[in-house]
file work-v5.tsv (TSV, C-alpha atoms and all ligand atoms)
chain	number	residue	atom	x	y	z
A	1	MET	CA	12.46	-12.33	20.04
A	2	GLN	CA	13.00	-8.62	19.58
A	3	ASN	CA	14.34	-9.08	16.07
A	4	ALA	CA	11.82	-11.71	14.98
A	5	SER	CA	9.51	-11.24	12.02
A	6	ARG	CA	6.06	-9.79	12.67
A	7	GLY	CA	4.04	-11.54	9.97
A	8	ASP	CA	0.56	-13.02	10.35
A	9	ASP	CA	0.78	-16.76	10.91
A	10	VAL	CA	-2.94	-17.30	10.31
A	11	TYR	CA	-2.15	-16.36	6.72
A	12	GLU	CA	1.07	-18.39	6.87
A	13	GLU	CA	3.02	-15.20	6.36
A	14	ASP	CA	5.43	-15.28	9.28
A	15	GLU	CA	9.03	-16.12	8.51
A	16	ALA	CA	10.14	-17.07	12.02
A	17	VAL	CA	7.19	-19.46	12.47
A	18	GLN	CA	7.87	-21.07	9.11
A	19	ALA	CA	11.57	-21.39	9.89
A	20	LEU	CA	10.80	-23.10	13.21
A	21	GLU	CA	8.26	-25.48	11.64
A	22	ALA	CA	10.70	-26.40	8.87
A	23	HIS	CA	13.56	-26.82	11.38
A	24	VAL	CA	11.60	-29.26	13.57
A	25	ALA	CA	10.19	-31.12	10.56
A	26	ASN	CA	13.72	-31.51	9.24
A	27	LEU	CA	15.11	-32.68	12.60
A	28	THR	CA	12.37	-35.30	12.94
A	29	GLY	CA	12.34	-36.52	9.34
A	30	HIS	CA	8.80	-35.35	8.58
A	31	ASP	CA	7.41	-33.26	5.72
A	32	ALA	CA	5.77	-30.42	7.61
A	33	GLY	CA	5.26	-28.83	11.02
A	34	LEU	CA	2.69	-26.75	12.85
A	35	PHE	CA	3.61	-24.47	15.76
A	36	CYS	CA	0.88	-24.35	18.43
A	37	ALA	CA	0.28	-22.95	21.87
A	38	SER	CA	0.56	-26.18	23.88
A	39	GLY	CA	1.39	-29.87	23.82
A	40	THR	CA	-2.18	-30.72	24.64
A	41	MET	CA	-3.22	-28.86	21.52
A	42	THR	CA	-0.68	-30.59	19.26
A	43	ASN	CA	-1.66	-34.01	20.62
A	44	GLN	CA	-5.37	-33.33	20.26
A	45	LEU	CA	-4.96	-31.93	16.75
A	46	ALA	CA	-2.98	-35.00	15.71
A	47	PHE	CA	-5.77	-37.33	16.83
A	48	LYS	CA	-8.50	-35.23	15.31
A	49	ALA	CA	-6.70	-34.92	11.98
A	50	SER	CA	-5.79	-38.63	11.96
A	51	LEU	CA	-9.16	-40.13	12.83
A	52	LEU	CA	-11.78	-38.38	10.78
A	53	ASN	CA	-14.15	-41.27	10.60
A	54	PRO	CA	-15.56	-42.59	13.89
A	55	PRO	CA	-16.17	-45.04	15.49
A	56	ALA	CA	-12.51	-45.28	16.29
A	57	SER	CA	-10.43	-46.31	19.27
A	58	ILE	CA	-6.79	-45.90	20.16
A	59	LEU	CA	-4.34	-47.87	22.26
A	60	CYS	CA	-1.93	-46.12	24.60
A	61	ASP	CA	-0.03	-46.75	27.81
A	62	ASN	CA	-2.40	-46.37	30.76
A	63	ARG	CA	-0.05	-43.75	32.23
A	64	SER	CA	-0.19	-41.59	29.07
A	65	HIS	CA	-0.65	-37.86	29.16
A	66	VAL	CA	-3.14	-38.05	26.25
A	67	TYR	CA	-5.33	-40.37	28.31
A	68	ARG	CA	-5.01	-38.97	31.82
A	69	TYR	CA	-4.07	-35.32	31.66
A	70	GLU	CA	-5.84	-33.75	28.68
A	71	ALA	CA	-9.23	-33.16	30.26
A	72	GLY	CA	-10.97	-35.87	28.27
A	73	GLY	CA	-10.14	-34.15	24.99
A	74	LEU	CA	-10.08	-37.36	22.95
A	75	ALA	CA	-13.71	-38.10	23.76
A	76	SER	CA	-14.81	-34.50	23.48
A	77	HIS	CA	-12.96	-33.31	20.38
A	78	SER	CA	-12.72	-36.50	18.36
A	79	SER	CA	-15.27	-39.06	19.62
A	80	ILE	CA	-12.42	-41.47	20.33
A	81	THR	CA	-12.59	-44.37	22.76
A	82	VAL	CA	-9.32	-45.07	24.55
A	83	TYR	CA	-8.21	-48.56	25.51
A	84	PRO	CA	-5.45	-47.99	28.05
A	85	VAL	CA	-2.74	-50.63	27.87
A	86	HIS	CA	-0.86	-51.83	30.93
A	87	ALA	CA	2.84	-52.48	30.51
A	88	VAL	CA	2.86	-56.06	31.71
A	89	ALA	CA	5.23	-57.89	29.40
A	90	ASN	CA	8.43	-56.33	30.71
A	91	GLY	CA	7.68	-55.48	34.30
A	92	GLY	CA	6.03	-52.14	33.73
A	93	HIS	CA	8.83	-50.13	32.15
A	94	HIS	CA	7.16	-49.55	28.76
A	95	ILE	CA	4.40	-51.10	26.68
A	96	THR	CA	5.44	-53.72	24.14
A	97	VAL	CA	3.92	-55.26	21.02
A	98	LYS	CA	2.83	-58.16	23.22
A	99	ASP	CA	0.86	-55.77	25.46
A	100	LEU	CA	-0.69	-54.10	22.41
A	101	GLN	CA	-1.71	-57.44	20.90
A	102	ARG	CA	-3.70	-58.18	24.04
A	103	GLU	CA	-5.87	-55.07	23.60
A	104	PHE	CA	-5.95	-54.72	19.82
A	105	ILE	CA	-9.45	-54.59	18.34
A	106	ALA	CA	-9.61	-55.74	14.74
A	107	ASP	CA	-12.02	-54.18	12.29
A	108	ASP	CA	-14.02	-57.31	11.58
A	109	ASP	CA	-17.51	-55.89	10.98
A	110	ASN	CA	-18.73	-56.76	14.46
A	111	VAL	CA	-20.85	-53.71	15.29
A	112	HIS	CA	-20.29	-54.06	19.04
A	113	PHE	CA	-16.66	-53.07	18.81
A	114	THR	CA	-14.72	-49.87	18.29
A	115	PRO	CA	-11.82	-50.86	16.05
A	116	THR	CA	-8.28	-49.78	16.87
A	117	ARG	CA	-7.33	-47.06	14.39
A	118	LEU	CA	-4.23	-45.64	16.03
A	119	ILE	CA	-1.49	-46.54	18.48
A	120	SER	CA	-0.18	-43.70	20.61
A	121	VAL	CA	3.21	-43.89	22.31
A	122	GLU	CA	4.72	-41.51	24.89
A	123	ASN	CA	8.50	-41.06	25.05
A	124	THR	CA	9.88	-40.27	27.51
A	125	LEU	CA	7.17	-41.47	29.89
A	126	ASP	CA	7.76	-40.63	33.55
A	127	GLY	CA	11.27	-39.80	32.42
A	128	THR	CA	11.90	-43.33	31.14
A	129	ILE	CA	12.94	-44.16	27.60
A	130	MET	CA	11.21	-46.56	25.25
A	131	PRO	CA	14.00	-48.59	23.60
A	132	LEU	CA	14.45	-48.01	19.87
A	133	ASP	CA	13.94	-51.71	19.12
A	134	GLU	CA	10.52	-51.63	20.75
A	135	ILE	CA	9.57	-48.47	18.86
A	136	ARG	CA	10.49	-50.14	15.57
A	137	ALA	CA	8.56	-53.27	16.53
A	138	ILE	CA	5.46	-51.23	17.42
A	139	SER	CA	5.72	-49.28	14.18
A	140	ARG	CA	5.91	-52.55	12.19
A	141	PHE	CA	2.99	-54.00	14.13
A	142	ALA	CA	0.88	-50.91	13.35
A	143	LYS	CA	1.77	-50.99	9.64
A	144	GLU	CA	0.92	-54.67	9.37
A	145	ARG	CA	-2.50	-53.97	10.82
A	146	ASN	CA	-3.01	-50.80	8.86
A	147	VAL	CA	-3.41	-48.50	11.85
A	148	ARG	CA	-1.80	-45.11	12.32
A	149	THR	CA	0.81	-44.16	14.91
A	150	HIS	CA	1.29	-41.01	16.99
A	151	LEU	CA	4.15	-40.15	19.32
A	152	ASP	CA	3.57	-37.83	22.25
A	153	GLY	CA	7.15	-36.67	22.12
A	154	ALA	CA	6.74	-33.76	24.51
A	155	ARG	CA	10.03	-34.99	25.96
A	156	ILE	CA	11.51	-36.74	22.93
A	157	TRP	CA	14.44	-34.31	23.22
A	158	ASN	CA	15.48	-36.03	26.44
A	159	ALA	CA	15.16	-39.50	24.93
A	160	ALA	CA	17.35	-38.62	21.93
A	161	ILE	CA	20.06	-36.98	24.04
A	162	ALA	CA	20.11	-39.83	26.58
A	163	GLN	CA	20.39	-42.45	23.82
A	164	GLY	CA	22.82	-40.46	21.71
A	165	CYS	CA	20.59	-40.84	18.65
A	166	ASP	CA	18.97	-38.42	16.20
A	167	LEU	CA	15.39	-37.24	16.71
A	168	LYS	CA	14.71	-38.86	13.34
A	169	ASP	CA	15.60	-42.32	14.63
A	170	ILE	CA	12.66	-42.07	17.03
A	171	ALA	CA	10.27	-39.65	15.30
A	172	GLY	CA	10.68	-41.20	11.86
A	173	GLN	CA	8.85	-44.31	13.07
A	174	PHE	CA	5.53	-42.48	13.60
A	175	ASP	CA	2.92	-40.87	11.36
A	176	SER	CA	2.71	-37.84	13.63
A	177	VAL	CA	4.77	-36.49	16.51
A	178	SER	CA	4.10	-33.75	19.06
A	179	LEU	CA	7.18	-32.05	20.53
A	180	CYS	CA	7.03	-29.55	23.40
A	181	VAL	CA	9.43	-26.64	23.32
A	182	SER	CA	8.20	-25.31	26.67
A	183	LYS	CA	9.55	-28.18	28.79
A	184	GLY	CA	13.18	-29.31	28.68
A	185	ILE	CA	13.93	-27.05	25.75
A	186	GLY	CA	13.11	-24.01	27.85
A	187	ALA	CA	11.08	-21.82	25.48
A	188	PRO	CA	8.33	-19.75	27.11
A	189	ILE	CA	5.49	-21.24	25.09
A	190	GLY	CA	4.63	-23.82	22.53
A	191	SER	CA	4.68	-27.21	20.89
A	192	VAL	CA	5.24	-28.34	17.32
A	193	LEU	CA	3.26	-31.03	15.56
A	194	VAL	CA	4.96	-32.79	12.65
A	195	GLY	CA	3.60	-35.18	10.04
A	196	ASP	CA	2.91	-35.35	6.33
A	197	LYS	CA	1.56	-32.34	4.43
A	198	GLN	CA	-2.00	-33.58	4.38
A	199	LEU	CA	-2.11	-34.17	8.15
A	200	ILE	CA	-0.61	-30.77	8.89
A	201	LYS	CA	-3.09	-29.08	6.55
A	202	LYS	CA	-5.98	-30.70	8.43
A	203	ALA	CA	-4.41	-29.88	11.78
A	204	ARG	CA	-4.01	-26.23	10.75
A	205	HIS	CA	-7.68	-26.12	9.87
A	206	PHE	CA	-8.71	-27.65	13.21
A	207	ARG	CA	-6.29	-25.39	15.08
A	208	LYS	CA	-8.24	-22.44	13.71
A	209	MET	CA	-11.49	-24.12	14.73
A	210	PHE	CA	-10.15	-24.59	18.28
A	211	GLY	CA	-9.29	-20.88	18.43
A	212	GLY	CA	-5.58	-21.61	18.28
A	213	GLY	CA	-4.72	-19.71	15.11
A	214	TRP	CA	-2.29	-17.04	16.21
A	215	ARG	CA	-1.21	-14.04	14.28
A	216	GLN	CA	2.03	-12.40	15.45
A	217	ALA	CA	3.65	-15.60	16.76
A	218	GLY	CA	7.06	-14.82	15.24
A	219	GLY	CA	8.69	-13.80	18.52
A	220	LEU	CA	7.58	-17.03	20.18
A	221	ALA	CA	8.83	-19.10	17.26
A	222	ALA	CA	12.17	-17.29	17.23
A	223	VAL	CA	12.84	-17.97	20.92
A	224	ALA	CA	11.79	-21.62	20.54
A	225	HIS	CA	14.16	-21.96	17.60
A	226	TRP	CA	16.97	-20.44	19.62
A	227	CYS	CA	16.27	-22.76	22.55
A	228	ILE	CA	16.42	-25.86	20.33
A	229	ASP	CA	19.81	-24.81	19.01
A	230	ASN	CA	21.26	-23.57	22.31
A	231	VAL	CA	19.52	-25.19	25.29
A	232	TRP	CA	18.94	-28.67	23.91
A	233	PRO	CA	22.68	-29.46	23.70
A	234	THR	CA	22.98	-28.83	27.48
A	235	MET	CA	20.48	-31.56	28.31
A	236	LYS	CA	23.11	-34.19	29.03
A	237	GLU	CA	24.24	-32.17	32.04
A	238	THR	CA	20.67	-31.94	33.32
A	239	HIS	CA	20.38	-35.72	33.13
A	240	ALA	CA	23.65	-36.13	35.05
A	241	LEU	CA	22.35	-33.73	37.69
A	242	ALA	CA	19.14	-35.77	38.05
A	243	LYS	CA	21.21	-38.91	38.67
A	244	TYR	CA	23.32	-37.00	41.18
A	245	LEU	CA	20.16	-35.86	43.00
A	246	ALA	CA	18.79	-39.42	43.10
A	247	GLU	CA	22.04	-40.77	44.53
A	248	GLY	CA	22.09	-38.07	47.20
A	249	LEU	CA	18.49	-38.72	48.20
A	250	GLU	CA	19.00	-42.49	48.44
A	251	ARG	CA	22.18	-42.23	50.47
A	252	GLU	CA	22.32	-44.65	53.37
A	253	GLY	CA	20.56	-43.52	56.49
A	254	ASN	CA	18.02	-41.35	54.64
A	255	GLY	CA	15.53	-44.18	54.18
A	256	ALA	CA	14.23	-42.42	51.06
A	257	LYS	CA	13.67	-44.34	47.85
A	258	VAL	CA	13.70	-43.43	44.17
A	259	TYR	CA	11.03	-45.73	42.79
A	260	ILE	CA	11.27	-45.20	39.02
A	261	PRO	CA	14.65	-45.54	37.28
A	262	VAL	CA	16.30	-42.19	36.56
A	263	GLU	CA	16.96	-42.33	32.82
A	264	THR	CA	16.62	-38.63	31.96
A	265	ASN	CA	15.60	-35.59	34.05
A	266	MET	CA	12.96	-36.94	36.43
A	267	VAL	CA	13.39	-38.26	39.95
A	268	PHE	CA	10.41	-39.96	41.61
A	269	LEU	CA	10.96	-39.82	45.35
A	270	ASP	CA	9.19	-41.91	47.98
A	271	LEU	CA	9.67	-40.77	51.57
A	272	ALA	CA	7.72	-43.67	53.13
A	273	GLY	CA	10.77	-45.26	54.78
A	274	SER	CA	12.35	-41.99	55.93
A	275	GLY	CA	9.96	-40.74	58.58
A	276	ILE	CA	9.90	-37.38	56.77
A	277	ARG	CA	6.55	-35.72	56.20
A	278	MET	CA	6.06	-34.52	52.64
A	279	SER	CA	4.42	-31.26	53.73
A	280	ALA	CA	7.24	-30.57	56.20
A	281	LEU	CA	9.89	-31.20	53.54
A	282	SER	CA	8.15	-28.92	51.09
A	283	ARG	CA	7.90	-26.15	53.67
A	284	ARG	CA	11.50	-26.43	54.87
A	285	LEU	CA	12.89	-26.46	51.34
A	286	GLU	CA	11.03	-23.30	50.51
A	287	GLU	CA	11.73	-21.44	53.74
A	288	GLU	CA	15.39	-22.37	54.15
A	289	LYS	CA	16.62	-22.84	50.61
A	290	GLY	CA	14.14	-21.08	48.35
A	291	ILE	CA	13.37	-24.37	46.60
A	292	ARG	CA	9.74	-24.93	45.72
A	293	ILE	CA	8.27	-28.37	45.16
A	294	GLY	CA	4.60	-29.33	45.22
A	295	ASN	CA	2.84	-30.94	48.16
A	296	LYS	CA	3.03	-28.17	50.74
A	297	ASP	CA	-0.48	-29.06	51.83
A	298	ALA	CA	-0.14	-32.79	51.32
A	299	GLY	CA	-1.87	-35.05	53.79
A	300	GLU	CA	0.04	-37.57	55.87
A	301	ASP	CA	-0.68	-40.41	53.50
A	302	VAL	CA	1.15	-38.71	50.64
A	303	THR	CA	4.72	-39.97	50.50
A	304	LYS	CA	5.58	-39.63	46.82
A	305	VAL	CA	6.62	-36.68	44.74
A	306	ARG	CA	7.96	-36.15	41.23
A	307	LEU	CA	11.01	-33.90	40.85
A	308	VAL	CA	11.81	-32.62	37.37
A	309	LEU	CA	15.13	-30.96	36.61
A	310	HIS	CA	15.86	-28.45	33.88
A	311	TRP	CA	18.81	-26.54	32.52
A	312	GLN	CA	18.52	-23.62	34.93
A	313	ILE	CA	18.76	-25.73	38.09
A	314	SER	CA	22.18	-25.57	39.70
A	315	ARG	CA	24.25	-28.19	41.45
A	316	GLU	CA	24.12	-26.02	44.60
A	317	ALA	CA	20.33	-26.26	44.63
A	318	VAL	CA	20.57	-30.04	44.37
A	319	ASP	CA	23.13	-30.13	47.19
A	320	ASP	CA	20.81	-27.94	49.30
A	321	PHE	CA	17.89	-30.29	48.62
A	322	VAL	CA	19.88	-33.36	49.64
A	323	GLU	CA	21.18	-31.61	52.77
A	324	VAL	CA	17.65	-30.83	53.96
A	325	VAL	CA	16.51	-34.43	53.37
A	326	LYS	CA	19.52	-35.78	55.23
A	327	ASP	CA	18.92	-33.46	58.15
A	328	MET	CA	15.23	-34.28	58.40
A	329	ALA	CA	15.87	-38.01	58.08
A	330	SER	CA	18.37	-37.99	60.92
A	331	GLN	CA	15.98	-35.96	63.07
A	332	ALA	CA	13.24	-38.49	62.38
A	333	ALA	CA	15.59	-41.34	63.26
A	334	ALA	CA	16.58	-39.62	66.51
A	335	MET	CA	12.93	-39.22	67.46
A	336	ARG	CA	12.32	-42.89	66.79
A	337	GLY	CA	15.33	-43.75	68.97
A	338	ALA	CA	13.98	-41.58	71.80
A	339	GLY	CA	10.83	-43.66	71.75
A	340	SER	CA	8.45	-40.93	70.73
A	341	ALA	CA	6.00	-41.32	67.89
A	342	PRO	CA	6.99	-44.19	65.59
A	343	ALA	CA	7.98	-43.28	62.05
A	344	ALA	CA	4.95	-42.86	59.88
A	345	GLU	CA	4.86	-46.24	58.18
A	346	ALA	CA	3.10	-44.78	55.21
A	347	GLU	CA	0.96	-46.93	53.01
A	348	THR	CA	1.39	-46.63	49.30
A	349	SER	CA	-0.21	-43.42	48.25
A	350	SER	CA	-1.29	-42.41	44.84
A	351	GLN	CA	1.34	-40.69	42.80
A	352	VAL	CA	1.27	-36.98	43.30
A	353	TYR	CA	0.96	-35.06	40.12
A	354	ALA	CA	3.11	-32.02	40.64
A	355	SER	CA	3.82	-29.27	38.10
A	356	ARG	CA	4.32	-31.46	35.07
B	401	LIG	C1	3.50	-31.43	29.14
B	401	LIG	C2	3.13	-32.60	28.37
B	401	LIG	C3	2.09	-32.54	27.44
B	401	LIG	C4	1.20	-31.33	27.23
B	401	LIG	O1	1.79	-30.14	27.13
B	401	LIG	P1	1.03	-28.77	27.54
B	401	LIG	O2	1.85	-27.78	26.79
B	401	LIG	O3	1.18	-28.66	29.02
B	401	LIG	O4	-0.36	-28.84	27.10
B	401	LIG	C5	1.81	-33.68	26.72
B	401	LIG	N1	2.48	-34.81	26.92
B	401	LIG	C6	3.48	-34.93	27.81
B	401	LIG	C7	4.20	-36.23	27.97
B	401	LIG	C8	3.84	-33.82	28.58
B	401	LIG	O5	4.83	-33.93	29.47
call {"tool": "encode", "arguments": {"input": "work-v5.tsv", "output": "structure tokens", "more": "lines below"}}
Ligand SMILES: *Cc1c(COP(=O)(O)O)cnc(C)c1O
result
Amino acid sequence: MQNASRGDDVYEEDEAVQALEAHVANLTGHDAGLFCASGTMTNQLAFKASLLNPPASILCDNRSHVYRYEAGGLASHSSITVYPVHAVANGGHHITVKDLQREFIADDDNVHFTPTRLISVENTLDGTIMPLDEIRAISRFAKERNVRTHLDGARIWNAAIAQGCDLKDIAGQFDSVSLCVSKGIGAPIGSVLVGDKQLIKKARHFRKMFGGGWRQAGGLAAVAHWCIDNVWPTMKETHALAKYLAEGLEREGNGAKVYIPVETNMVFLDLAGSGIRMSALSRRLEEEKGIRIGNKDAGEDVTKVRLVLHWQISREAVDDFVEVVKDMASQAAAMRGAGSAPAAEAETSSQVYASR
């Protein structure tokens, strides 16, 4: 960062920013890139630059970040209606062409409807990977119907590493892709949008309109570039550590359950069968082991939490986490045995959205 260029990126005069944009464009098989402050911004810019002519609607998984966690930006910035798609065809793992067909709205001159203009995919989603075959099938389906495609690839890095494929194999199937460098890659700030030259030109214009044109961004681009080259290759170990954590948590006697398959770096833990209170776990982890998770003030009905691992988390920390869960689970079991309060037979609670 110290040695990075100090040009003005609003005038496209910063070398480090241009090098990063070219690097990510090259890795993903796209023509051009645009370095922005956040993944929400790169997603929102992609939609705005792709759908210039409302009325327009998009299809996306109902769990998508673009639909649930971007403060209604699609409606506000781009007058887009979202039709959330439920992953039914294959038991909820990922949406398929079959699911998309169910919700697709053709542009057939019926003025009541908002035609589908774009299909948005998220990969990874809740840490799970959309298979390459499905991505290719969705891309074909979109081309046949003449609609655009966007990938929210905030975590595409994880998907590529876990599958042992190139970023291009995934990203090359979409018209635009947003990639976060501030998540698994470990850079302090930023996301890169990639697409063709025309899309990026529009996105750059809208970025300025949103107040996201930044001048001396070279230091931020330089550290992101470094993280792609140096942190990304360590991601396999993070995935192994996530699996190791899940196995430890689910060990017999704990009564805890991991309720979404661990395919990359996320572990979704449900304490319902363990008799452990979420708030108590959160407090003990912090006080005894210096490990912070969300949910310190969670009510009794909250039993689920999302745990996300990254390259700076050690095996010792994971061992500490598992040790605390084991200890609390055996205490809860002992209390049940002694006939005091029965284990909280928690009902399904809504998923807790912790530090994404
Ligand atoms: C984090 C994230 C984003 C948004 O990134 P911000 O930089 O937090 O705005 C978008 N999509 C997914 C899947 C994410 O995980």
call {"tool": "residues_around", "arguments": {"input": "work-v5.tsv", "residues": "A:Ile189", "least_positions_apart": "4", "cutoff": "7 Å", "atoms": "all atoms listed in the file", "output": "short mmCIF file (atom, residue, chain, number, x, y, z; two decimals) with C-alpha atoms, in the frame of the given file"}}
result
data_model
loop_
_atom_site.label_atom_id
_atom_site.label_comp_id
_atom_site.auth_asym_id
_atom_site.auth_seq_id
_atom_site.Cartn_x
_atom_site.Cartn_y
_atom_site.Cartn_z
CA ALA A 37 0.28 -22.95 21.87
CA VAL A 181 9.43 -26.64 23.32
CA SER A 182 8.20 -25.31 26.67
CA LEU A 220 7.58 -17.03 20.18
#
call {"tool": "atom_distance", "arguments": {"input": "work-v5.tsv", "atom1": "atom CA of A:Glu15", "atom2": "atom CA of A:His150"}}
result
27.4 Å
call {"tool": "closest_residue", "arguments": {"input": "work-v5.tsv", "among": "A:Glu237, A:Gly211, A:Gly275, A:Glu247", "to": "A:Ser314", "atoms": "all atoms listed in the file"}}
result
A:Glu237
call {"tool": "closest_residue", "arguments": {"input": "work-v5.tsv", "among": "A:Tyr69, A:Tyr11, A:Phe47, A:Phe268", "to": "ligand LIG 401 (chain B)", "atoms": "only C-alpha atoms and all ligand atoms"}}
result
A:Tyr69
call {"tool": "closest_residue", "arguments": {"input": "work-v5.tsv", "among": "A:Leu193, A:Ala4, A:Ala87, A:Ile156", "to": "A:Asp61", "atoms": "all atoms listed in the file"}}
result
A:Ala87
call {"tool": "closest_residue", "arguments": {"input": "work-v5.tsv", "among": "A:Val177, A:Met1, A:Leu281, A:Ile291", "to": "ligand LIG 401 (chain B)", "atoms": "all atoms listed in the file"}}
result
A:Val177
call {"tool": "atom_distance", "arguments": {"input": "work-v5.tsv", "atom1": "atom CA of A:Ala16", "atom2": "atom CA of A:Ala154"}}
result
21.1 Å
